[in-house]
Number of protein chains: 2
Amino acid sequence: MSVLNLIGVGPGDPELLTLKATRLIAAAAVVAYPHKPGEASLAFDIAKSHVSPRAVRLPVDIPMSVEPGPAQAVYDAIAETLAAHVTAGRSVAWLCEGDPLFYGSAIYLLDRLAGRIPIGIVPGVTSLTAAAAAAARPLATRSQVLKVLPAPLPDETLEAELASGAAAIVKLGRHFDRIRALLTRLGRAEAAVIVEHATQSRERVTPLLAFAATKRPYFSVLLVPAPDPAP
Amino acid sequence: MSVLNLIGVGPGDPELLTLKATRLIAAAAVVAYPHKPGEASLAFDIAKSHVSPRAVRLPVDIPMSVEPGPAQAVYDAIAETLAAHVTAGRSVAWLCEGDPLFYGSAIYLLDRLAGRIPIGIVPGVTSLTAAAAAAARPLATRSQVLKVLPAPLPDETLEAELASGAAAIVKLGRHFDRIRALLTRLGRAEAAVIVEHATQSRERVTPLLAFAATKRPYFSVLLVPAPDPAP
């Protein structure tokens, strides 16, 4: 039976693919993945040594827009294309950086296709645990709360959430300077570290306070330990 | 050079081992793992087909005590044993269910051995993303906050944290009835699902409200979607 497999390919090191991911990627007649024209596709690069030379490759340009409209139209179209392949008897692998259901593009495909065609989901290693491994720091331990905080959230939301628990701040991009200022104001910058390109050859771990003021980190996670307990 | 590798073996399905985990497990002269006498070791069972027949097997009984004292003494002792193997030229694999730094036992070994011997950390697929895959539900999407909440926390802490964001409640065990009552009182039980034994043959996904009142879930994660936005 043909199936659409939403496959987490992990954070970057091709050796962090799971055995299941490699098996299903190798068996896929169609391999689809996000791809910006003129750039490399991280998801495809991670998986490429397992892709069959006979497989159809289907790069998909998903607009990274603040407005959800344009990206949603692309997901509508790609969902129909993938459904047509599966209905015609061809198994499809949709490659996702990290894990498919952890802030992943696969969520939008699942929304559109669940119940219409058979769908498999293969969890993957996330950038979160990869960042913790790179920094050799626990993400969370014992009965600590762990929060994953997307950087685009407003300062007041982030400040409220940072009042308790350990945090990992994701989707930093153009929000980095604002996040650094916020953590500095809250007295939480000193213990924070930036992990860039976790598990890749360019991996770099930098204390937040040592990060160059003129630079922005890419493909990065900011790890913020839990606040000290009140004295 | 000999090394202690803290290796995430994933949530249960042996096919969710990473290629890196299988390589380092196969190369280890000593394979150590948590093991309760008279019970199976999940971590070892996941990895066993990759363990060399020549490897020394080192099961470790870690007391699951509310008091940290007894477990800490065991970690002191096992840390010395592992360090002695590495110093004598034998590479060691410490097998961790899920990921080593996500509420894992490896954190206590890292605390004791960082800087003393070479240590490698191999991230793994967590029970969190495995549960989301089993339930075919996003853990978090767009700019949602995601919170990992250990069930032993007091009700008032959990209630405050549940006021915003999507949540995954872990370490349910004997706290299950209290957590169900709390979610019911907060009007959040209806959308919650329990995932037991994610990715294993016994995997089961049950809406919280359909879970038998007399039973408790094991090896489980409770997924609680974000509250509806205020009208």
# chains A, B, ... in the order shown; residues from 1 in each chain; ligands from 1
$ interface_residues --of "chain B" --to "chain A" --cutoff "6 Å" --atoms "only C-alpha atoms" --output "VMD selection string"
chain B and resid 15 to 20 101 to 103 121 123 to 125 129 to 130 133 138 to 141 143 145 to 150
$ select_by_dssp --residues "range 41-156 of chain A" --states "strand (DSSP E)" --output "ChimeraX atom specification"
/A:56-60,92-96,119-122,146-150
$ residues_around --residues "Val195 in chain B" --least-positions-apart "4" --cutoff "9 Å" --atoms "only C-alpha atoms" --output "PyMOL selection string"
chain B and resi 131-132+134-135+203-207+217+219-223
$ atom_distance --atom1 "CA of Lys36 in chain B" --atom2 "CA of Val9 in chain B"
17.8 Å
$ residues_around --residues "Ser41 in chain A" --least-positions-apart "3" --cutoff "12 Å" --atoms "only C-alpha atoms" --output "mmCIF file with N, CA, C and O atoms, in the first residue's frame"
data_model
loop_
_atom_site.group_PDB
_atom_site.id
_atom_site.type_symbol
_atom_site.label_atom_id
_atom_site.label_comp_id
_atom_site.auth_asym_id
_atom_site.auth_seq_id
_atom_site.Cartn_x
_atom_site.Cartn_y
_atom_site.Cartn_z
ATOM 1 N N GLY A 12 20.879 17.783 11.524
ATOM 2 C CA GLY A 12 21.912 18.175 10.564
ATOM 3 C C GLY A 12 22.922 17.087 10.265
ATOM 4 O O GLY A 12 23.268 16.863 9.118
ATOM 5 N N ALA A 32 10.096 14.440 -1.409
ATOM 6 C CA ALA A 32 9.750 15.865 -1.443
ATOM 7 C C ALA A 32 10.336 16.560 -0.228
ATOM 8 O O ALA A 32 10.484 15.953 0.835
ATOM 9 N N TYR A 33 10.664 17.849 -0.392
ATOM 10 C CA TYR A 33 11.346 18.563 0.700
ATOM 11 C C TYR A 33 11.272 20.062 0.447
ATOM 12 O O TYR A 33 11.203 20.505 -0.695
ATOM 13 N N PRO A 34 11.319 20.853 1.538
ATOM 14 C CA PRO A 34 11.349 22.305 1.385
ATOM 15 C C PRO A 34 12.673 22.732 0.754
ATOM 16 O O PRO A 34 13.727 22.201 1.099
ATOM 17 N N HIS A 35 12.606 23.678 -0.145
ATOM 18 C CA HIS A 35 13.809 24.111 -0.869
ATOM 19 C C HIS A 35 13.635 25.527 -1.384
ATOM 20 O O HIS A 35 12.736 25.789 -2.186
ATOM 21 N N LYS A 36 14.494 26.417 -0.912
ATOM 22 C CA LYS A 36 14.503 27.792 -1.436
ATOM 23 C C LYS A 36 15.370 27.824 -2.686
ATOM 24 O O LYS A 36 16.515 27.375 -2.630
ATOM 25 N N PRO A 37 14.859 28.369 -3.787
ATOM 26 C CA PRO A 37 15.686 28.429 -5.001
ATOM 27 C C PRO A 37 17.008 29.131 -4.725
ATOM 28 O O PRO A 37 17.044 30.145 -4.022
ATOM 29 N N GLY A 38 18.086 28.557 -5.216
ATOM 30 C CA GLY A 38 19.403 29.164 -5.049
ATOM 31 C C GLY A 38 20.074 28.822 -3.742
ATOM 32 O O GLY A 38 21.231 29.184 -3.522
ATOM 33 N N PHE A 44 17.172 17.843 2.502
ATOM 34 C CA PHE A 44 17.610 16.937 1.441
ATOM 35 C C PHE A 44 19.079 16.556 1.611
ATOM 36 O O PHE A 44 19.465 15.396 1.422
ATOM 37 N N ASP A 45 19.915 17.534 1.967
ATOM 38 C CA ASP A 45 21.341 17.239 2.142
ATOM 39 C C ASP A 45 21.569 16.166 3.200
ATOM 40 O O ASP A 45 22.438 15.310 3.063
ATOM 41 N N ILE A 46 20.778 16.221 4.276
ATOM 42 C CA ILE A 46 20.914 15.226 5.339
ATOM 43 C C ILE A 46 20.597 13.822 4.804
ATOM 44 O O ILE A 46 21.269 12.844 5.143
ATOM 45 N N ALA A 47 19.566 13.758 3.953
ATOM 46 C CA ALA A 47 19.015 12.459 3.555
ATOM 47 C C ALA A 47 19.583 11.913 2.256
ATOM 48 O O ALA A 47 19.391 10.742 1.935
ATOM 49 N N LYS A 48 20.316 12.728 1.489
ATOM 50 C CA LYS A 48 20.526 12.413 0.073
ATOM 51 C C LYS A 48 21.238 11.091 -0.184
ATOM 52 O O LYS A 48 20.942 10.428 -1.182
ATOM 53 N N LEU A 58 11.273 16.197 -5.541
ATOM 54 C CA LEU A 58 10.246 17.228 -5.595
ATOM 55 C C LEU A 58 10.576 18.335 -4.592
ATOM 56 O O LEU A 58 10.063 18.336 -3.473
ATOM 57 N N PRO A 59 11.443 19.286 -4.997
ATOM 58 C CA PRO A 59 11.720 20.408 -4.090
ATOM 59 C C PRO A 59 10.537 21.369 -4.078
ATOM 60 O O PRO A 59 9.917 21.604 -5.122
ATOM 61 N N VAL A 60 10.211 21.898 -2.905
ATOM 62 C CA VAL A 60 9.035 22.771 -2.776
ATOM 63 C C VAL A 60 9.481 24.091 -2.147
ATOM 64 O O VAL A 60 10.066 24.105 -1.068
ATOM 65 N N ASP A 61 9.190 25.176 -2.827
ATOM 66 C CA ASP A 61 9.537 26.504 -2.323
ATOM 67 C C ASP A 61 8.384 27.025 -1.467
ATOM 68 O O ASP A 61 7.321 27.355 -1.999
ATOM 69 N N ILE A 62 8.593 27.055 -0.154
ATOM 70 C CA ILE A 62 7.543 27.523 0.759
ATOM 71 C C ILE A 62 7.889 28.947 1.192
ATOM 72 O O ILE A 62 8.921 29.169 1.809
ATOM 73 N N LEU A 95 10.474 15.112 3.631
ATOM 74 C CA LEU A 95 11.612 15.251 4.550
ATOM 75 C C LEU A 95 11.463 16.512 5.397
ATOM 76 O O LEU A 95 11.229 17.604 4.867
ATOM 77 N N CYS A 96 11.617 16.346 6.704
ATOM 78 C CA CYS A 96 11.472 17.469 7.632
ATOM 79 C C CYS A 96 12.758 17.605 8.439
ATOM 80 O O CYS A 96 13.193 16.632 9.062
ATOM 81 N N GLU A 97 13.322 18.791 8.486
ATOM 82 C CA GLU A 97 14.411 19.043 9.448
ATOM 83 C C GLU A 97 13.900 18.729 10.849
ATOM 84 O O GLU A 97 12.762 19.074 11.184
#
$ select_by_dssp --residues "chain B" --states "alpha helix (DSSP H)" --output "PyMOL selection string"
chain B and resi 19-27+42-47+68-87+106-113+127-135+155-162+176-185
$ residues_around --residues "range 182-186 of chain B" --least-positions-apart "4" --cutoff "8 Å" --atoms "only C-alpha atoms" --output "PyMOL selection string"
chain B and resi 155+159+178+190
$ write_last_selection --atoms "N, CA and C atoms" --output "mmCIF file, in the first residue's frame"
data_model
loop_
_atom_site.group_PDB
_atom_site.id
_atom_site.type_symbol
_atom_site.label_atom_id
_atom_site.label_comp_id
_atom_site.auth_asym_id
_atom_site.auth_seq_id
_atom_site.Cartn_x
_atom_site.Cartn_y
_atom_site.Cartn_z
ATOM 1 N N ASP B 155 -0.196 21.044 42.237
ATOM 2 C CA ASP B 155 -1.319 21.510 41.416
ATOM 3 C C ASP B 155 -1.240 22.991 41.081
ATOM 4 N N GLU B 159 -1.278 24.387 37.369
ATOM 5 C CA GLU B 159 -2.394 25.232 36.921
ATOM 6 C C GLU B 159 -1.872 26.537 36.314
ATOM 7 N N ARG B 178 -4.591 12.543 40.104
ATOM 8 C CA ARG B 178 -4.568 13.962 40.479
ATOM 9 C C ARG B 178 -4.512 14.855 39.234
ATOM 10 N N GLU B 190 -10.940 17.522 27.975
ATOM 11 C CA GLU B 190 -11.615 17.008 26.780
ATOM 12 C C GLU B 190 -10.680 16.867 25.580
#
$ atom_distance --atom1 "CA of Asp76 in chain A" --atom2 "CA of Arg54 in chain A"
26.4 Å
